[in-house]
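Listing of protein-v4.txt, compact mmCIF, C-alpha atoms
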# COMPACT_ATOMS: atom_id res chain seq x y z
CA MET A 11 28.25 15.06 18.41
CA SER A 12 25.48 13.17 16.65
CA VAL A 13 25.58 9.40 16.36
CA CYS A 14 25.13 9.59 12.59
CA GLU A 15 27.81 12.24 11.99
CA PRO A 16 30.55 9.74 11.01
CA TYR A 17 28.17 8.16 8.47
CA THR A 18 27.06 11.49 7.01
CA GLN A 19 30.66 12.67 6.57
CA SER A 20 31.52 9.55 4.58
CA ALA A 21 28.25 9.48 2.60
CA GLY A 22 29.97 10.78 -0.52
CA ASN A 23 32.48 7.93 -0.65
CA GLY A 24 30.13 5.49 -2.35
CA VAL A 25 26.68 4.00 -2.59
CA ALA A 26 27.08 1.73 0.43
CA SER A 27 28.16 4.67 2.61
CA ALA A 28 25.18 6.72 1.41
CA LEU A 29 22.76 3.92 2.30
CA ARG A 30 24.26 3.57 5.78
CA ALA A 31 23.93 7.31 6.34
CA VAL A 32 20.29 7.31 5.21
CA ASP A 33 19.42 4.39 7.52
CA CYS A 34 21.12 5.98 10.53
CA LEU A 35 19.50 9.37 9.96
CA ALA A 36 16.08 7.79 9.50
CA ASN A 37 16.32 5.81 12.74
CA ASP A 38 17.63 8.78 14.73
CA THR A 39 15.00 11.15 13.33
CA ALA A 40 12.15 8.72 13.99
CA GLN A 41 13.22 8.18 17.61
CA GLY A 42 13.53 11.91 18.25
CA ALA A 43 10.16 12.64 16.66
CA PHE A 44 8.50 9.87 18.69
CA GLU A 45 9.78 11.34 21.94
CA ARG A 46 8.70 14.85 20.97
CA MET A 47 5.18 13.74 20.01
CA PHE A 48 4.24 10.99 22.49
CA GLY A 49 6.97 11.09 25.12
CA SER A 50 6.52 11.93 28.78
CA SER A 51 6.21 15.63 27.92
CA GLY A 52 5.21 15.21 24.29
CA ALA A 53 3.12 17.67 22.34
CA LEU A 54 0.41 15.11 21.48
CA THR A 55 0.12 13.31 24.82
CA THR A 56 -2.89 15.40 25.90
CA ALA A 57 -4.54 14.90 22.52
CA MET A 58 -4.02 11.15 22.86
CA THR A 59 -5.76 11.16 26.24
CA ILE A 60 -8.71 13.11 24.83
CA VAL A 61 -9.04 10.72 21.88
CA LEU A 62 -9.11 7.66 24.16
CA THR A 63 -11.71 9.33 26.39
CA ILE A 64 -13.94 10.02 23.38
CA TYR A 65 -13.54 6.42 22.21
CA VAL A 66 -14.61 5.02 25.59
CA ALA A 67 -17.51 7.51 25.76
CA PHE A 68 -18.81 6.45 22.36
CA PHE A 69 -18.69 2.81 23.40
CA ALA A 70 -20.58 3.59 26.60
CA ILE A 71 -23.26 5.47 24.65
CA SER A 72 -23.65 2.51 22.27
CA LEU A 73 -24.18 0.23 25.28
CA MET A 74 -26.80 2.56 26.77
CA THR A 75 -28.74 2.85 23.53
CA GLY A 76 -28.66 -0.89 22.81
CA ARG A 77 -26.54 -0.68 19.68
CA SER A 78 -23.84 -2.77 21.32
CA ARG A 79 -23.73 -5.37 24.02
CA ILE A 80 -21.31 -6.69 26.59
CA GLY A 81 -19.88 -9.93 25.28
CA VAL A 82 -16.73 -11.60 24.08
CA SER A 83 -17.47 -10.90 20.40
CA ALA A 84 -18.06 -7.19 21.08
CA LEU A 85 -15.39 -6.46 23.69
CA THR A 86 -12.47 -8.48 22.31
CA PRO A 87 -11.87 -6.45 19.10
CA ARG A 88 -12.21 -3.17 20.96
CA MET A 89 -9.88 -4.16 23.76
CA LEU A 90 -7.30 -5.49 21.31
CA THR A 91 -7.46 -2.29 19.28
CA VAL A 92 -7.02 -0.07 22.34
CA GLY A 93 -4.20 -2.25 23.67
CA LEU A 94 -2.25 -2.26 20.40
CA VAL A 95 -2.69 1.47 19.91
CA LEU A 96 -1.48 2.26 23.43
CA THR A 97 1.47 -0.12 23.07
CA PHE A 98 2.77 1.27 19.79
CA VAL A 99 2.07 4.91 20.61
CA THR A 100 3.47 5.10 24.14
CA SER A 101 6.54 2.81 23.77
CA TRP A 102 9.34 3.48 21.29
CA ILE A 103 10.87 0.05 22.02
CA ALA A 104 7.67 -1.72 20.95
CA TYR A 105 7.28 0.52 17.89
CA GLN A 106 10.88 0.02 16.81
CA SER A 107 10.87 -3.73 17.48
CA VAL A 108 7.70 -4.44 15.50
CA VAL A 109 6.89 -1.69 13.00
CA TRP A 110 10.38 -0.36 12.23
CA ASN A 111 12.12 -3.74 12.05
CA LEU A 112 9.38 -5.27 9.92
CA ALA A 113 9.32 -2.37 7.46
CA VAL A 114 13.07 -1.78 7.20
CA GLY A 115 14.80 -5.01 8.20
CA GLY A 116 12.22 -7.51 6.93
CA PRO A 117 12.62 -6.87 3.17
CA ASP A 118 16.41 -6.69 3.59
CA GLN A 119 16.52 -10.13 5.21
CA ILE A 120 14.24 -11.59 2.55
CA ALA A 121 16.52 -10.25 -0.20
CA GLY A 122 19.57 -11.72 1.57
CA ALA A 123 17.88 -15.10 1.86
CA VAL A 124 16.91 -15.09 -1.83
CA LEU A 125 20.43 -14.13 -2.93
CA GLY A 126 22.00 -16.62 -0.51
CA ARG A 127 24.11 -14.10 1.40
CA SER A 128 24.37 -13.29 5.07
CA GLY A 129 24.15 -9.71 6.25
CA SER A 130 22.43 -6.72 4.76
CA ALA A 131 21.53 -7.32 1.12
CA SER A 132 21.27 -3.57 0.45
CA GLN A 133 24.79 -2.94 1.75
CA MET A 134 26.22 -5.75 -0.36
CA PHE A 135 24.37 -4.44 -3.39
CA GLY A 136 25.81 -0.99 -2.71
CA HIS A 137 29.35 -2.42 -2.54
CA ARG A 138 28.85 -4.10 -5.89
CA ILE A 139 27.68 -0.84 -7.43
CA ASP A 140 30.81 0.89 -6.08
CA LEU A 141 33.00 -1.77 -7.69
CA VAL A 142 31.16 -1.35 -11.00
CA PHE A 143 31.71 2.41 -11.02
CA SER A 144 35.36 1.98 -10.06
CA ALA A 145 35.81 -0.25 -13.12
CA ILE A 146 34.06 2.34 -15.31
CA VAL A 147 36.34 5.10 -14.00
CA GLU A 148 39.44 2.98 -14.70
CA ALA A 149 38.22 2.28 -18.22
CA ALA A 150 37.64 6.01 -18.78
CA GLU A 151 41.14 6.87 -17.52
CA ASN A 152 42.64 4.17 -19.74
CA GLY A 153 40.78 5.56 -22.76
CA ALA A 154 41.88 9.12 -22.00
CA GLY A 155 45.54 8.09 -21.69
CA ALA A 156 45.60 5.95 -24.85
CA THR A 157 47.23 7.41 -27.97
CA PRO A 158 45.35 6.92 -31.25
CA ALA A 159 47.19 4.96 -33.94
CA SER A 160 46.85 7.80 -36.48
CA ALA A 161 48.59 10.28 -34.22
CA THR A 162 52.39 10.67 -34.51
CA PRO A 163 54.67 11.78 -31.70
CA GLY A 164 55.47 15.46 -31.82
CA ALA A 165 52.58 16.34 -34.13
CA ALA A 166 50.55 19.40 -33.34
CA ALA A 167 47.17 18.86 -31.74
CA PRO A 168 44.24 19.43 -34.06
CA ALA A 169 42.11 22.50 -33.61
CA SER A 170 38.97 22.04 -31.50
CA ALA A 171 35.89 21.45 -33.59
CA PRO A 172 32.25 21.83 -32.59
CA PRO A 173 30.71 18.63 -31.23
CA THR A 174 28.82 16.52 -33.70
CA ALA A 175 26.54 13.50 -33.43
CA ALA A 176 29.54 11.22 -33.81
CA THR A 177 31.33 12.86 -30.89
CA LEU A 178 28.23 13.01 -28.69
CA PHE A 179 27.62 9.28 -29.12
CA SER A 180 31.25 8.28 -28.95
CA PRO A 181 32.15 5.13 -26.95
CA ALA A 182 33.37 7.22 -24.01
CA ASN A 183 30.19 9.31 -23.88
CA LEU A 184 27.99 6.21 -24.19
CA MET A 185 29.91 4.68 -21.31
CA TRP A 186 29.29 7.69 -19.06
CA ILE A 187 25.63 7.92 -20.06
CA SER A 188 25.22 4.24 -19.21
CA ALA A 189 26.92 4.79 -15.86
CA LEU A 190 24.52 7.63 -15.02
CA MET A 191 21.51 5.50 -15.98
CA LEU A 192 22.71 2.68 -13.76
CA LEU A 193 23.30 5.16 -10.95
CA LEU A 194 19.81 6.67 -11.19
CA GLY A 195 18.15 3.28 -11.61
CA THR A 196 19.79 1.75 -8.54
CA VAL A 197 20.87 4.39 -6.04
CA GLY A 198 18.07 6.76 -7.00
CA VAL A 199 15.35 4.18 -6.40
CA LEU A 200 16.92 2.78 -3.22
CA VAL A 201 17.61 6.12 -1.55
CA THR A 202 14.25 7.61 -2.56
CA ALA A 203 12.35 4.61 -1.22
CA ARG A 204 14.33 4.64 2.04
CA ILE A 205 13.69 8.36 2.62
CA ALA A 206 9.96 7.99 1.85
CA LEU A 207 9.75 4.98 4.19
CA ALA A 208 11.51 6.96 6.94
CA VAL A 209 9.03 9.84 6.60
CA LEU A 210 6.06 7.45 6.84
CA LEU A 211 7.50 5.70 9.89
CA VAL A 212 8.16 9.03 11.59
CA LEU A 213 4.46 9.89 11.22
CA GLY A 214 3.39 6.34 12.04
CA PRO A 215 2.15 6.88 15.64
CA VAL A 216 -0.25 9.61 14.47
CA PHE A 217 -1.86 7.26 11.93
CA ILE A 218 -1.97 4.39 14.42
CA VAL A 219 -4.21 6.50 16.67
CA MET A 220 -6.59 6.96 13.73
CA ALA A 221 -7.27 3.21 13.72
CA LEU A 222 -9.57 3.64 16.74
CA PHE A 223 -12.49 5.23 14.90
CA LYS A 224 -14.29 3.90 11.86
CA GLY A 225 -14.36 7.29 10.16
CA THR A 226 -10.56 7.71 10.26
CA ARG A 227 -9.64 4.06 9.80
CA GLY A 228 -9.22 4.61 6.08
CA LEU A 229 -6.28 6.96 6.77
CA PHE A 230 -4.62 4.24 8.83
CA ALA A 231 -5.18 1.73 6.03
CA GLY A 232 -3.69 4.16 3.51
CA TRP A 233 -0.65 4.66 5.74
CA LEU A 234 -0.11 0.90 5.96
CA ARG A 235 -0.33 0.64 2.19
CA GLY A 236 2.24 3.39 1.79
CA VAL A 237 4.61 1.68 4.24
CA LEU A 238 4.25 -1.61 2.40
CA LEU A 239 4.87 0.07 -0.98
CA THR A 240 8.05 1.83 0.16
CA ALA A 241 9.24 -1.37 1.89
CA LEU A 242 8.68 -3.60 -1.15
CA THR A 243 10.37 -1.21 -3.58
CA PRO A 244 13.94 -1.67 -2.20
CA LEU A 245 13.41 -5.43 -2.09
CA LEU A 246 12.40 -5.65 -5.74
CA ALA A 247 15.06 -3.10 -6.72
CA VAL A 248 17.85 -5.13 -5.09
CA LEU A 249 16.69 -8.41 -6.63
CA GLY A 250 16.19 -6.90 -10.09
CA GLY A 251 19.38 -4.84 -9.89
CA SER A 252 21.42 -7.93 -9.05
CA PHE A 253 20.43 -9.49 -12.38
CA SER A 254 21.26 -6.28 -14.22
CA LEU A 255 24.71 -6.07 -12.63
CA GLU A 256 25.45 -9.67 -13.52
CA LEU A 257 24.76 -8.79 -17.16
CA ALA A 258 26.71 -5.53 -17.00
CA ILE A 259 29.94 -6.87 -15.46
CA PRO A 260 31.19 -8.66 -18.66
CA ALA A 261 30.50 -5.54 -20.72
CA ILE A 262 32.35 -3.36 -18.19
CA ASN A 263 35.37 -5.67 -18.24
CA ALA A 264 35.47 -5.40 -22.05
CA LEU A 265 35.49 -1.58 -22.08
CA ARG A 266 39.29 -1.38 -22.04
CA GLY A 267 40.31 -1.44 -25.68
CA ALA A 268 43.71 -1.12 -27.29
CA GLU A 269 42.95 2.42 -28.47
CA GLY A 270 40.62 3.55 -25.66
CA VAL A 271 37.07 2.61 -24.85
CA ASP A 272 35.76 -0.29 -26.90
CA GLY A 273 32.75 0.80 -28.95
CA GLN A 274 30.92 -2.53 -28.98
CA ALA A 275 31.24 -2.92 -25.20
CA ALA A 276 30.00 0.66 -24.71
CA ILE A 277 26.90 -0.01 -26.83
CA THR A 278 26.23 -3.25 -24.94
CA LEU A 279 26.53 -1.43 -21.62
CA PHE A 280 24.15 1.29 -22.86
CA VAL A 281 21.54 -1.33 -23.82
CA ILE A 282 21.86 -3.04 -20.43
CA ALA A 283 21.49 0.29 -18.63
CA SER A 284 18.35 1.09 -20.66
CA VAL A 285 16.86 -2.29 -19.80
CA HIS A 286 17.70 -1.68 -16.14
CA VAL A 287 15.85 1.66 -16.11
CA ALA A 288 12.81 0.01 -17.71
CA LEU A 289 13.03 -2.74 -15.11
CA MET A 290 12.98 -0.22 -12.26
CA LEU A 291 9.89 1.44 -13.74
CA MET A 292 8.23 -1.97 -13.93
CA VAL A 293 9.23 -2.66 -10.32
CA LEU A 294 7.42 0.49 -9.18
CA LYS A 295 4.33 -0.47 -11.19
CA VAL A 296 4.28 -4.02 -9.85
CA ALA A 297 4.72 -2.87 -6.24
CA SER A 298 1.89 -0.34 -6.54
CA THR A 299 -0.39 -2.98 -8.10
CA MET A 300 0.34 -5.44 -5.30
CA VAL A 301 -0.36 -2.88 -2.59
CA ALA A 302 -3.55 -1.65 -4.28
CA GLY A 303 -5.06 -5.14 -4.04
CA TRP A 304 -4.50 -5.38 -0.27
CA SER A 305 -7.60 -4.87 1.87
CA VAL A 306 -5.51 -4.10 5.01
CA PHE A 307 -7.07 -6.79 7.21
CA GLY A 308 -10.56 -5.72 6.11
CA MET A 309 -10.12 -2.09 7.21
CA ALA A 310 -10.09 -0.63 3.70
CA GLY A 311 -13.73 -0.36 2.65
CA GLU A 312 -14.57 -1.61 -0.82
CA ARG A 313 -16.99 0.31 -3.01
CA MET A 314 -20.35 -1.33 -3.49
CA ALA A 315 -20.23 -1.74 -7.22
CA ALA A 316 -21.10 -4.60 -9.52
CA ARG A 317 -17.68 -5.91 -10.41
CA PRO A 318 -16.92 -8.98 -12.52
CA GLY A 319 -17.12 -12.01 -10.29
CA SER A 320 -18.75 -10.21 -7.36
CA ASP A 321 -22.01 -11.47 -5.82
CA TRP A 322 -23.44 -8.03 -5.11
CA ARG A 323 -26.56 -7.00 -7.05
CA PRO A 324 -28.56 -3.77 -6.84
CA PRO A 325 -31.74 -3.97 -4.76
CA MET A 326 -34.89 -4.91 -6.68
CA MET A 327 -37.72 -2.38 -6.59
CA VAL A 328 -41.28 -3.76 -6.75
CA THR A 329 -44.13 -1.62 -8.05
CA PRO A 330 -47.43 -2.28 -6.22
CA PRO A 331 -49.99 -3.87 -8.58
CA GLN A 332 -53.66 -2.99 -8.63
CA VAL A 333 -55.74 -4.86 -6.11
CA GLY A 334 -57.68 -7.69 -7.78
CA ALA A 335 -55.59 -7.64 -10.98
CA ALA A 336 -52.98 -10.08 -12.13
CA ALA A 337 -49.51 -9.13 -10.97
CA PRO A 338 -46.97 -8.99 -13.80
CA ALA A 339 -44.19 -11.51 -13.63
CA LEU A 340 -40.80 -10.13 -12.74
CA VAL A 341 -38.31 -11.28 -15.35
CA PRO A 342 -34.93 -11.88 -13.66
CA THR A 343 -32.01 -10.04 -15.20
CA ALA A 344 -28.67 -11.63 -16.05
CA GLY A 345 -26.95 -12.73 -12.88
CA SER A 346 -30.01 -12.18 -10.68
CA ARG A 347 -31.15 -15.14 -8.61
CA ARG A 348 -34.39 -13.69 -7.20
CA THR A 349 -37.70 -14.64 -8.79
CA ILE A 350 -41.24 -13.88 -7.69
CA ALA A 351 -44.13 -15.93 -9.02
CA ALA A 352 -46.87 -14.04 -10.82
CA GLY A 353 -50.48 -14.46 -9.82
CA PRO A 354 -53.62 -12.55 -9.00
CA LEU A 355 -53.66 -10.70 -5.75
CA PRO A 356 -56.93 -11.09 -3.85
CA ALA A 357 -58.68 -7.97 -2.73
CA ALA A 358 -57.87 -7.17 0.84
CA SER A 359 -58.90 -4.07 2.66
CA PRO A 360 -56.41 -2.18 4.73
CA ALA A 361 -58.61 -2.74 7.75
CA GLU A 362 -58.19 -6.53 7.47
CA SER A 363 -54.49 -6.43 6.89
CA GLY A 364 -53.71 -3.63 9.29
CA ALA A 365 -51.38 -1.99 6.78
CA THR A 366 -51.36 1.00 4.48
CA VAL A 367 -50.03 1.05 0.95
CA SER A 368 -48.74 4.30 -0.46
CA GLY A 369 -46.22 5.56 -2.95
CA ASN A 370 -44.11 3.83 -5.53
CA PRO A 371 -42.30 1.53 -4.76
CA LEU A 372 -44.38 -0.39 -2.21
CA HIS A 373 -44.14 0.69 1.40
CA VAL A 374 -45.93 -1.51 3.93
CA ARG A 375 -46.59 -0.42 7.46
CA GLY A 376 -48.09 -2.55 10.16
CA ARG A 377 -48.38 -6.30 9.75
CA ALA A 378 -45.89 -8.15 7.61
CA ASP A 379 -48.05 -11.19 6.69
CA LEU A 380 -50.32 -9.40 4.18
CA HIS A 381 -50.53 -12.11 1.55
CA PRO A 382 -50.64 -15.91 1.76
CA HIS A 383 -47.84 -16.12 -0.85
CA VAL A 384 -45.54 -14.33 1.56
CA GLY A 385 -46.06 -16.91 4.25
CA PRO A 386 -45.50 -16.74 7.97
CA ALA A 387 -41.74 -16.28 7.51
CA PHE A 388 -42.28 -12.53 7.39
CA SER A 389 -44.31 -12.38 10.57
CA PRO A 390 -42.76 -10.49 13.47
CA ALA A 391 -42.91 -13.63 15.59
CA ASN A 392 -40.43 -15.39 13.27
CA LEU A 393 -37.97 -12.49 13.06
CA PRO A 394 -34.86 -12.63 15.27
CA ARG A 395 -35.65 -11.25 18.66
CA GLN A 396 -33.47 -8.63 20.27
CA ARG A 397 -31.85 -9.41 23.55
CA ALA A 398 -31.85 -5.77 24.69
CA ARG A 399 -34.94 -4.56 26.52
CA GLY A 400 -35.89 -1.28 28.01
CA ILE A 401 -35.05 2.19 26.72
CA GLY A 402 -32.22 0.85 24.60
CA SER A 403 -34.51 -1.37 22.53
CA ARG A 404 -36.25 1.70 21.10
CA PHE A 405 -33.04 2.75 19.38
CA GLY A 406 -32.06 -0.69 18.15
CA ALA A 407 -31.53 -1.27 14.45
CA THR A 408 -34.46 -2.72 12.50
CA PRO A 409 -33.89 -6.45 11.90
CA ARG A 410 -33.26 -7.25 8.26
CA ILE A 411 -35.09 -10.03 6.51
CA SER A 412 -32.86 -12.63 4.94
CA ARG A 413 -32.58 -12.57 1.15
CA GLU A 414 -33.10 -16.35 1.01
CA ILE A 415 -36.76 -15.90 1.98
CA ILE A 416 -37.71 -14.08 -1.21
CA ARG A 417 -35.65 -16.17 -3.62

Would you put the structure from the file into structure tokens?
Amino acid sequence: MSVCEPYTQSAGNGVASALRAVDCLANDTAQGAFERMFGSSGALTTAMTIVLTIYVAFFAISLMTGRSRIGVSALTPRMLTVGLVLTFVTSWIAYQSVVWNLAVGGPDQIAGAVLGRSGSASQMFGHRIDLVFSAIVEAAENGAGATPASATPGAAAPASAPPTAATLFSPANLMWISALMLLLGTVGVLVTARIALAVLLVLGPVFIVMALFKGTRGLFAGWLRGVLLTALTPLLAVLGGSFSLELAIPAINALRGAEGVDGQAAITLFVIASVHVALMLMVLKVASTMVAGWSVFGMAGERMAARPGSDWRPPMMVTPPQVGAAAPALVPTAGSRRTIAAGPLPAASPAESGATVSGNPLHVRGRADLHPHVGPAFSPANLPRQRARGIGSRFGATPRISREIIR
């Protein structure tokens, strides 16, 4: 017998029961999938070992070629990354205590603290929805059992007529349409977000392994964004739905009229339900906007584009002037802070400078101090020296000249 079988059997009794069943099934499914993937005899245990071996091999190659060095600044991020990946991938207790509880229990506790209630805010919200629908059902039964004032006892029932616009938008029909809108706007959003969050958390260990390599780190960042989106949606839905229910309760209490369902209360409930649906759509839009602006601890790479307020500018290309002629002044564009003074360039033979000039734009090979205007700041002696020596120094990256020198 499954642990979640009692919850699944009573899932049709109300919204609160359905939410409990979804939470239990999600936790049980995630634990079983974790054991089948990364357990002692998991299907991906061998793949995990191979991935870690490749990661260590790449780091060793970078040390041999001089692209990395042994130091606190180089080893600390790598060791922390490997340690966190091994902890969350090989231990279900650590994964459940940190990732699962933060994604599922964190927003629920925040909603409870905002509403000033102890316990699960989602469960309390589900109980309130059940009470609202019970009141709607009682109002519908009262309207069905009421006898119109125009009807006389013993009179024959009128013949059935085809439905018209008046009958389609009768107070009873508006009441049921409003109830369905409230149901889809609350239970639909909550259950859908919980199921999507459960699916992402089930696949979480696979995406955590992808955080090791720079090429696949974007997938890990996207997974974190998806988890945050599906975790924020129930929080905003519970907080927004609580306001909608507070507005709907007086209209629901006024549905019981002397001759059936009160028309004015039904219209008011329909308007509140429409506003609630629009609010849920806005909640999804706001949550997606918030998550899209998250850089995921710097792992999500930003596109190099000139955005409003950004300090990035496209590189400036310089065309080589004729030797002995006046160099044209470079007019700075809007937002550019680099200026180069115009002036005649003295004739200098390539033999004296030890460099060759070819192509367009200017490519200089050899010495860097070709012109007195450039100054000794460009000389190789003033460039930052590499600490690596030997065969690894041949593969080291070319040192970049600071932009402040040419401003």

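Distances here use all atoms listed in the file; by that measure, the residue among A:Val248, A:Leu255, A:Leu90, A:Ile187 closest to Val201 of chain A is A:Val248.
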
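Between Ala21 of chain A and the candidates A:Ile259, A:Thr56, A:Gly136, A:Ala297, the tightest atom-to-atom separation, counting all atoms listed in the file, involves A:Gly136.
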
Quick one: distance from atom CA of Phe280 of chain A to atom CA of Ser132 of chain A in Å, one decimal?
24.0 Å

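Separating atom CA of Gly250 of chain A from atom CA of Ala113 of chain A is a distance of 19.4 Å.
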
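Atom to atom, atom CA of Thr97 of chain A and atom CA of Leu210 of chain A stand 18.5 Å apart.
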
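Nearest residue to Arg88 of chain A among A:Met185, A:Ala43, A:Ala221, A:Cys34 is A:Ala221, counting all atoms listed in the file.
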
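For the choices A:Ser252, A:Asn263, A:Thr226, A:Ser298, the atom-to-atom distance to Gly122 of chain A is smallest for A:Ser252 when using only C-alpha atoms.
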
Write out as an MDAnalysis selection string the residues lying within 9 Å of Ala231 of chain A, counting all atoms listed in the file and excluding same-chain residues fewer than 3 positions away.
chainID A and resid 217 221 227:228 234:236 305:307 309:310

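Around the coordinate (15.7, -0.9, -16.7), residues that reach within 10 Å when counting only C-alpha atoms are Met191, Leu192, Gly195, Thr196, Gly250, Gly251, Ser254, Val281, Ile282, Ala283, Ser284, Val285, His286, Val287, Ala288, Leu289, Met290, Leu291, Met292 and Val293 of chain A.
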
Write out as a ChimeraX atom specification the residues lying within 12 Å of Ala70 of chain A, counting all atoms listed in the file and excluding same-chain residues fewer than 6 positions away.
/A:63-64,76-80,85

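Distances here use all atoms listed in the file; by that measure, the residue among A:Ile277, A:Val66, A:Val109, A:Leu141 closest to Met89 of chain A is A:Val66.
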
Quick one: segment 274-288 of chain A from the block, N, CA and C atoms, as a compact mmCIF listing (two decimals), in the first residue's frame.
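Produced file decode.txt, reproduced below:
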# COMPACT_ATOMS: atom_id res chain seq x y z
N GLN A 274 -28.79 40.56 -8.43
CA GLN A 274 -27.74 41.55 -8.20
C GLN A 274 -26.51 40.90 -7.57
N ALA A 275 -26.72 39.99 -6.62
CA ALA A 275 -25.59 39.29 -6.00
C ALA A 275 -24.88 38.40 -7.01
N ALA A 276 -25.63 37.78 -7.94
CA ALA A 276 -25.02 36.93 -8.95
C ALA A 276 -24.15 37.74 -9.90
N ILE A 277 -24.63 38.93 -10.29
CA ILE A 277 -23.83 39.80 -11.16
C ILE A 277 -22.57 40.27 -10.45
N THR A 278 -22.70 40.61 -9.17
CA THR A 278 -21.53 41.04 -8.39
C THR A 278 -20.50 39.92 -8.28
N LEU A 279 -20.98 38.71 -8.05
CA LEU A 279 -20.07 37.57 -7.97
C LEU A 279 -19.40 37.31 -9.32
N PHE A 280 -20.11 37.49 -10.41
CA PHE A 280 -19.53 37.30 -11.74
C PHE A 280 -18.43 38.32 -12.00
N VAL A 281 -18.64 39.56 -11.59
CA VAL A 281 -17.62 40.60 -11.78
C VAL A 281 -16.38 40.28 -10.94
N ILE A 282 -16.59 39.84 -9.71
CA ILE A 282 -15.45 39.50 -8.84
C ILE A 282 -14.67 38.32 -9.41
N ALA A 283 -15.38 37.33 -9.94
CA ALA A 283 -14.71 36.18 -10.54
C ALA A 283 -13.90 36.59 -11.77
N SER A 284 -14.45 37.50 -12.58
CA SER A 284 -13.71 37.99 -13.75
C SER A 284 -12.45 38.73 -13.34
N VAL A 285 -12.56 39.56 -12.31
CA VAL A 285 -11.38 40.27 -11.80
C VAL A 285 -10.35 39.29 -11.26
N HIS A 286 -10.82 38.23 -10.62
CA HIS A 286 -9.90 37.23 -10.08
C HIS A 286 -9.13 36.52 -11.19
N VAL A 287 -9.79 36.18 -12.27
CA VAL A 287 -9.11 35.53 -13.41
C VAL A 287 -8.06 36.47 -14.01
N ALA A 288 -8.42 37.75 -14.16
CA ALA A 288 -7.45 38.72 -14.66
C ALA A 288 -6.28 38.87 -13.70
